[in-house]
Amino acid sequence: MKRFKVRFTPEAEADLLRLFDFLLEQDYTAAEKAHEAIAKSIELLQVFPFSCRKVLGGDGNPFLRELIIPFGASGYVALFEIENRDTVTLLALRHQREEDYH
């Protein structure tokens, strides 16, 4: 089975740290579980990036997509682009209750 390489932009890495730090201040166990949920969901992108929803609006790029990451009562959303037949690039992450990517 073909596997895509998943890479993070510096902005996506910063988002991941921001989300983790926020939870870490509240509840260490929840922060660990959120990290695990995000990591496991991102593994899906290695095999099935085309199964994720296309981003609405924008320039209509069919390779710009969002991965919904369930966690607790809400979850997270990862914005990514299928760069080529080998690489998926995570562009940003946000909590589902946030209005937009930072």
# chains A, B, ... in the order shown; residues from 1 in each chain; ligands from 1
>>> closest_atom_pairs(of="region 71-90 of chain A", to="region 50-58 of chain A", cutoff="10 Å", atoms="only C-alpha atoms", output="JSON lines")
{"residue": "A:Leu79", "atom": "CA", "partner": "A:Val55", "partner_atom": "CA", "distance": 8.2}
{"residue": "A:Phe80", "atom": "CA", "partner": "A:Val55", "partner_atom": "CA", "distance": 9.3}
{"residue": "A:Glu81", "atom": "CA", "partner": "A:Lys54", "partner_atom": "CA", "distance": 9.8}
{"residue": "A:Ile82", "atom": "CA", "partner": "A:Phe50", "partner_atom": "CA", "distance": 8.2}
>>> select_by_dssp(residues="chain A", states="strand (DSSP E or B)", output="PyMOL selection string")
chain A and resi 5-8+53-54+64-71+74-82+87-95
>>> write_last_selection(atoms="C-alpha atoms", output="PDB file, in the first residue's frame")
ATOM      1  CA  LYS A   5       5.140  11.371   3.674  1.00  0.00           C
ATOM      2  CA  VAL A   6       3.458  13.826   6.074  1.00  0.00           C
ATOM      3  CA  ARG A   7       5.360  17.002   6.848  1.00  0.00           C
ATOM      4  CA  PHE A   8       4.488  20.031   8.997  1.00  0.00           C
ATOM      5  CA  ARG A  53     -13.153  16.822   2.942  1.00  0.00           C
ATOM      6  CA  LYS A  54     -12.209  19.508   0.453  1.00  0.00           C
ATOM      7  CA  LEU A  64      -6.447  21.582  -0.170  1.00  0.00           C
ATOM      8  CA  ARG A  65      -8.332  19.564   2.445  1.00  0.00           C
ATOM      9  CA  GLU A  66      -9.333  19.323   6.088  1.00  0.00           C
ATOM     10  CA  LEU A  67      -8.976  16.410   8.455  1.00  0.00           C
ATOM     11  CA  ILE A  68     -11.510  16.308  11.294  1.00  0.00           C
ATOM     12  CA  ILE A  69      -9.909  14.980  14.485  1.00  0.00           C
ATOM     13  CA  PRO A  70     -12.488  13.875  17.078  1.00  0.00           C
ATOM     14  CA  PHE A  71     -11.585  14.538  20.695  1.00  0.00           C
ATOM     15  CA  SER A  74     -15.552  18.580  19.941  1.00  0.00           C
ATOM     16  CA  GLY A  75     -12.062  18.077  18.528  1.00  0.00           C
ATOM     17  CA  TYR A  76      -9.607  19.591  16.109  1.00  0.00           C
ATOM     18  CA  VAL A  77      -9.316  20.402  12.410  1.00  0.00           C
ATOM     19  CA  ALA A  78      -6.095  20.031  10.423  1.00  0.00           C
ATOM     20  CA  LEU A  79      -5.696  21.994   7.191  1.00  0.00           C
ATOM     21  CA  PHE A  80      -3.432  20.213   4.733  1.00  0.00           C
ATOM     22  CA  GLU A  81      -2.469  20.084   1.083  1.00  0.00           C
ATOM     23  CA  ILE A  82      -1.699  17.045  -1.003  1.00  0.00           C
ATOM     24  CA  THR A  87       3.847  14.264   0.137  1.00  0.00           C
ATOM     25  CA  VAL A  88       1.090  15.692   2.296  1.00  0.00           C
ATOM     26  CA  THR A  89       1.832  18.996   4.034  1.00  0.00           C
ATOM     27  CA  LEU A  90       0.030  20.044   7.207  1.00  0.00           C
ATOM     28  CA  LEU A  91      -0.517  23.786   6.970  1.00  0.00           C
ATOM     29  CA  ALA A  92      -2.410  24.572  10.195  1.00  0.00           C
ATOM     30  CA  LEU A  93      -4.316  23.058  13.102  1.00  0.00           C
ATOM     31  CA  ARG A  94      -7.105  24.540  15.160  1.00  0.00           C
ATOM     32  CA  HIS A  95      -9.658  23.561  17.761  1.00  0.00           C
TER      33      HIS A  95
END
>>> closest_residue(among="A:Gln46, A:Arg3, A:Glu99, A:Ile38", to="Leu19 (chain A)", atoms="only C-alpha atoms")
A:Ile38
>>> atom_distance(atom1="CA of Ser41 (chain A)", atom2="CA of Thr29 (chain A)")
18.4 Å
>>> atom_distance(atom1="CA of Asp86 (chain A)", atom2="CA of Leu45 (chain A)")
11.1 Å
>>> select_by_dssp(residues="chain A", states="helix (DSSP H, G or I)", output="JSON, numbers by chain")
{"A": [10, 11, 12, 13, 14, 15, 16, 17, 18, 19, 20, 21, 22, 23, 24, 25, 26, 28, 29, 30, 31, 32, 33, 34, 35, 36, 37, 38, 39, 40, 41, 42, 43, 44, 45, 46, 47, 49, 50, 51]}
>>> atom_distance(atom1="CA of Lys33 (chain A)", atom2="CA of Lys2 (chain A)")
28.2 Å
>>> residues_around(residues="Phe22 (chain A)", least_positions_apart="5", cutoff="12 Å", atoms="only C-alpha atoms", output="list of chain:residue names")
A:Asp15, A:Leu16, A:Leu17, A:Asp27, A:Tyr28, A:Ala30, A:Ala31, A:Glu32, A:Ala34, A:His35, A:Arg94, A:His95
